[in-house]
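Worksheet for the structure shown next.
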Amino acid sequence: MASKRPRPRSGNELMVERIGNYRGLTIFLLGLSGLINVLALTGAFYMLQIYDRALTSGSVPTLVAISVLAIGLYLFQGLFDVLRSQILVRFGARMDARLAPLAHEVVIEMPRYGYSTAEALERGRDVDTVRSFVASSAPIALFDLPWMPLFLIFVFSLHPLLGLLTSIGAVVLIALTVLTEMLTRRVSGEMHKAAAIRANLADSHARNSDILKAMGFGNRAIARFSDANAKHLTLQTRASDISGSLSGLSKVLRMMLQSGLLGLGAYLVIKGEFSAGSIIACSVASARALSPIDQVIGNWKGIVAARRSFRRLEETLAAMDDETKMIALPAPCRSVKVEAVTVVAPASGAVLVSDVSFSIAAGQVVGLIGPSGGGKTSLAKGLVGIWPLLRGHVRLDDADLTQWRKDALGAHVGYLPQDVSLLDGTIAENIARFDPDAEARDIVAAAKAAGVHEMIVRLPDGYQTALGPNGTALSAGQRQRIGLARALYGDPFLVVLDEPNSNLDAEGDAALTEALTSVKARSGIAVVIAHRPSALAAVDLIGVVQAGKLVGFGPKDEVLREPGRPIAFPSGGAVRPAAAAASAVASASMI
Ligand SMILES: Nc1ncnc2c1ncn2[C@@H]1O[C@H](COP(=O)(O)OP(=O)(O)OP(=O)(O)O)[C@@H](O)[C@H]1O
Ligand SMILES: [Mg+2]
């Protein structure tokens, strides 16, 4: 769907649009940092004045005047420092507020681009990483870094030799930073991948805890996890070793440099080329010149992580930018057209459904049948826009799905997935799709249409029953019926039900047929995927999906009567009764 964008904008443009022009702010903060750094020369000048003027002249008023001036300058420096960090914290918070909703949107959208839950959740952490970086001492060090020459010039002005030594120290420290970056880049990339693998495993085990427990392979799961963990730890140790040793080395160099400067200063004093005040001033100024480098080296891991997170957020913005100024379309009321649709698996790109075309008019119900693994669910996912289409179009009243805003389209679509899951919330919230303005009347109407109203009101908390994280407070059949109510809520034009009766009893089947009949009566369109015949009572048309192709489509009686059709689905004995289908009927009649 990304290819449908009228003018693809870069991630960076979109980032500026979302969080404001941070380049302007960067320049402002750089200027402010310049001011702070000029004021930071106060200490060095003060030493110079004290030793070389006040002490030599022995004048107390001079000492007081110099001190008062220094205090004033220090206060200004402190004020600007506070201002700078407050601006950064607020900028971080603003970024978070504007990016966090996007990161959460990724959680919803990413699976359709083939990302795992853990990878999608990582985007949420990216926002945290960037925010805490912005509020940390690292950006301050980065802003101070360009002003380092100020202190170098000061030291040079005291004595060229000292200036040279400080500059050499600075170059060596910077070289160390670059070396750290080069050595850790590859390892930290690998470490990141290993962390993602570990998170995916943890996620998968958490979701399948029932299975692990029931069949007792929890220990094997733990072993797999600890393997992944060990890989991650090894890489982490290697990365920490590299950055740890280099940062240790830089600390030692720094101390040596500091002492070297004092030693050289003392030598110059002995030689009579230098004053005692200059030694102290030089020491203060050179310490200040080198401290941003120290800070940057110390924060290097954080800087790299924040940069990676920021880039990823930019990429995400570019990937998600498909809702460009869409015009609101009128509610669909005439038809659903599927034109040469090819659906691919988001992760692998494997073609699951190819070149499927059919059209449905308002007031018709279509049944999709076919053998297991034939591609019915995949087609349904293409039909409601969960998975992007490789080729072809799904049109609601002739408008391609991509022309609809997601939220507007959602109101016209009801979807019941094959593995029903409900969200953490109450039954009422789940049915109403968490619409805060939902009318009780509509919720009850949807529940009644799904034949689940009586069951809900019999629960102690009725519609307010809280379902827990995965809607686990209900039985599979109850979940399926509430899922059906959610699909029917608001009388959507297109209702797609993926095996809506797999967990239903006879009463549920009857309710389903009635629900489909009422969709028909209000001139809606329903697509029902079914393995069991009971779901097809209200169906007008039938499509047969097999090996990713639509191998038959037409009025129910005609399709089911067609001879030789290898349908894993029996209907009134008209089709050859496959063993699997026979057992399905047997199980249906047992319910
Ligand atoms: N996310 C996915 N990634 C890759 N392949 C997939 C994915 N989901 C399904 N498939 C493959 O697509 C094919 C069709 O699967 P699909 O779920 O559409 O079948 P189905 O007709 O709904 O089957 P069933 O009746 O068992 O539900 C299968 O071969 C399956 O392995
Ligand atoms: Mg399926």
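Residue numbering restarts at 1 in every chain; chains get A, B, ... in the order shown in the structure tokens, and ligands count up from 1 in that same order.
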
- Task: Compute the set of protein, DNA and RNA residues whose minimum atom distance to ligand 2 is at most 12 Å, using only C-alpha atoms and all ligand atoms, and state it as an MDAnalysis selection string.
- Result: chainID A and resid 352 368:381 416:420 497:500 502 528:531 545:546 548

- Task: Can you pull out every residue within 7 Å of stretch 510-524 of chain A, counting only C-alpha atoms, but drop anything in the same chain fewer than 4 positions away, and send it as JSON, numbers by chain?
- Result: {"A": [362, 363, 364, 365, 449, 450, 451, 493, 494, 506, 535, 537, 538]}

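Proximity to ligand 1 was assessed for A:Ala476, A:Leu409, A:Ala347, A:Ile525 counting only C-alpha atoms and all ligand atoms; the smallest distance is recorded for A:Ala347.
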
- Message: Excluding stretch 263-276 of chain A and its own-chain neighbours fewer than 6 positions away, which residues fall within 10 Å of it when counting only C-alpha atoms? Please give them as number ranges by chain.
- Response: A: 47-48, 51-52, 158-159, 161-162, 165, 257, 282-283

Could you write out that same residue set with C-alpha atoms as a short mmCIF file (atom, residue, chain, number, x, y, z; two decimals), in the first residue's frame?
```cif
data_model
loop_
_atom_site.label_atom_id
_atom_site.label_comp_id
_atom_site.auth_asym_id
_atom_site.auth_seq_id
_atom_site.Cartn_x
_atom_site.Cartn_y
_atom_site.Cartn_z
CA MET A 47 42.68 32.23 39.01
CA LEU A 48 44.83 34.29 36.72
CA TYR A 51 47.48 34.91 41.55
CA ASP A 52 48.93 37.42 39.19
CA LEU A 158 48.89 31.39 28.08
CA HIS A 159 51.63 29.42 26.37
CA LEU A 161 53.46 24.64 24.34
CA LEU A 162 50.63 24.08 26.81
CA LEU A 165 49.85 19.55 24.62
CA LEU A 257 47.48 14.83 30.42
CA CYS A 282 45.70 26.48 32.37
CA SER A 283 44.76 23.49 34.46
#
```

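Checking A:Gly163, A:Lys406, A:Ser116, A:Asp557 one by one against ligand 1, counting only C-alpha atoms and all ligand atoms, you find the shortest gap at A:Ser116.
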
- Write out as JSON, numbers by chain each polymer residue whose atoms come within 12 Å of A:Leu41, counting only C-alpha atoms; drop sequence neighbours fewer than 3 positions from it. {"A": [34, 35, 36, 37, 38, 44, 45, 46, 47, 48, 70, 73, 74, 77, 147, 148, 149, 150, 151, 152, 153, 154, 155, 281, 282, 283, 284, 285, 286, 287, 288, 289]}

Dump of N, CA and C atoms for the selected residues, as a compact mmCIF listing (two decimals), in the first residue's frame:
```txt
# COMPACT_ATOMS: atom_id res chain seq x y z
N GLY A 34 27.40 28.26 23.61
CA GLY A 34 28.55 29.14 23.38
C GLY A 34 28.67 30.14 24.52
N LEU A 35 27.51 30.71 24.87
CA LEU A 35 27.47 31.70 25.95
C LEU A 35 27.92 31.06 27.27
N ILE A 36 27.40 29.88 27.53
CA ILE A 36 27.75 29.18 28.77
C ILE A 36 29.25 28.90 28.80
N ASN A 37 29.79 28.51 27.64
CA ASN A 37 31.21 28.18 27.60
C ASN A 37 32.10 29.40 27.75
N VAL A 38 31.65 30.53 27.18
CA VAL A 38 32.42 31.77 27.37
C VAL A 38 32.43 32.11 28.86
N ALA A 44 38.98 30.20 35.05
CA ALA A 44 40.38 30.31 34.65
C ALA A 44 40.87 31.76 34.79
N PHE A 45 40.03 32.70 34.31
CA PHE A 45 40.41 34.12 34.42
C PHE A 45 40.56 34.53 35.88
N TYR A 46 39.64 34.03 36.71
CA TYR A 46 39.65 34.37 38.13
C TYR A 46 40.99 33.97 38.76
N MET A 47 41.41 32.72 38.46
CA MET A 47 42.68 32.23 39.01
C MET A 47 43.84 33.13 38.57
N LEU A 48 43.78 33.45 37.29
CA LEU A 48 44.83 34.29 36.72
C LEU A 48 44.91 35.63 37.46
N ALA A 70 33.39 37.67 39.56
CA ALA A 70 33.38 36.23 39.24
C ALA A 70 32.07 35.60 39.68
N LEU A 73 29.35 36.38 37.25
CA LEU A 73 29.49 35.60 36.01
C LEU A 73 29.10 34.14 36.22
N TYR A 74 29.51 33.59 37.38
CA TYR A 74 29.15 32.21 37.71
C TYR A 74 27.62 32.05 37.74
N GLN A 77 26.23 31.93 34.39
CA GLN A 77 26.52 30.64 33.77
C GLN A 77 25.54 29.58 34.27
N TRP A 147 32.54 24.02 21.29
CA TRP A 147 33.12 25.22 21.92
C TRP A 147 34.46 24.95 22.58
N MET A 148 34.90 23.72 22.44
CA MET A 148 36.17 23.34 23.02
C MET A 148 37.32 24.26 22.56
N PRO A 149 37.37 24.65 21.27
CA PRO A 149 38.47 25.52 20.82
C PRO A 149 38.62 26.79 21.63
N LEU A 150 37.50 27.26 22.19
CA LEU A 150 37.54 28.45 23.03
C LEU A 150 38.57 28.30 24.14
N PHE A 151 38.52 27.12 24.79
CA PHE A 151 39.44 26.87 25.91
C PHE A 151 40.84 26.60 25.39
N LEU A 152 40.88 25.96 24.22
CA LEU A 152 42.21 25.71 23.64
C LEU A 152 42.90 27.02 23.32
N ILE A 153 42.12 27.96 22.73
CA ILE A 153 42.71 29.28 22.40
C ILE A 153 43.21 29.94 23.67
N PHE A 154 42.41 29.82 24.73
CA PHE A 154 42.80 30.42 26.02
C PHE A 154 44.12 29.83 26.50
N VAL A 155 44.23 28.50 26.44
CA VAL A 155 45.46 27.84 26.89
C VAL A 155 46.63 28.24 25.99
N ALA A 281 45.28 28.49 36.01
CA ALA A 281 44.31 28.87 34.97
C ALA A 281 44.35 27.87 33.83
N CYS A 282 45.56 27.44 33.46
CA CYS A 282 45.70 26.48 32.37
C CYS A 282 45.07 25.15 32.76
N SER A 283 45.31 24.75 34.01
CA SER A 283 44.76 23.49 34.46
C SER A 283 43.23 23.52 34.42
N VAL A 284 42.65 24.64 34.90
CA VAL A 284 41.18 24.77 34.92
C VAL A 284 40.63 24.77 33.49
N ALA A 285 41.27 25.55 32.60
CA ALA A 285 40.76 25.68 31.23
C ALA A 285 40.91 24.37 30.46
N SER A 286 42.05 23.69 30.66
CA SER A 286 42.22 22.45 29.89
C SER A 286 41.26 21.37 30.39
N ALA A 287 41.00 21.36 31.70
CA ALA A 287 40.04 20.39 32.24
C ALA A 287 38.68 20.62 31.59
N ARG A 288 38.34 21.89 31.49
CA ARG A 288 37.04 22.24 30.91
C ARG A 288 37.01 21.90 29.40
N ALA A 289 38.13 22.09 28.74
CA ALA A 289 38.18 21.80 27.30
C ALA A 289 37.98 20.31 27.06
```

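Among the candidates A:Gln258, A:Gln480, A:Thr342, A:Ser335, the one nearest to A:Leu396 when counting only C-alpha atoms is A:Ser335.
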
- Task: Output as an MDAnalysis selection string all residues of stretch 280-393 of chain A that backbone DSSP marks as alpha helix (DSSP H).
- Result: chainID A and resid 280:298 300:320 376:383
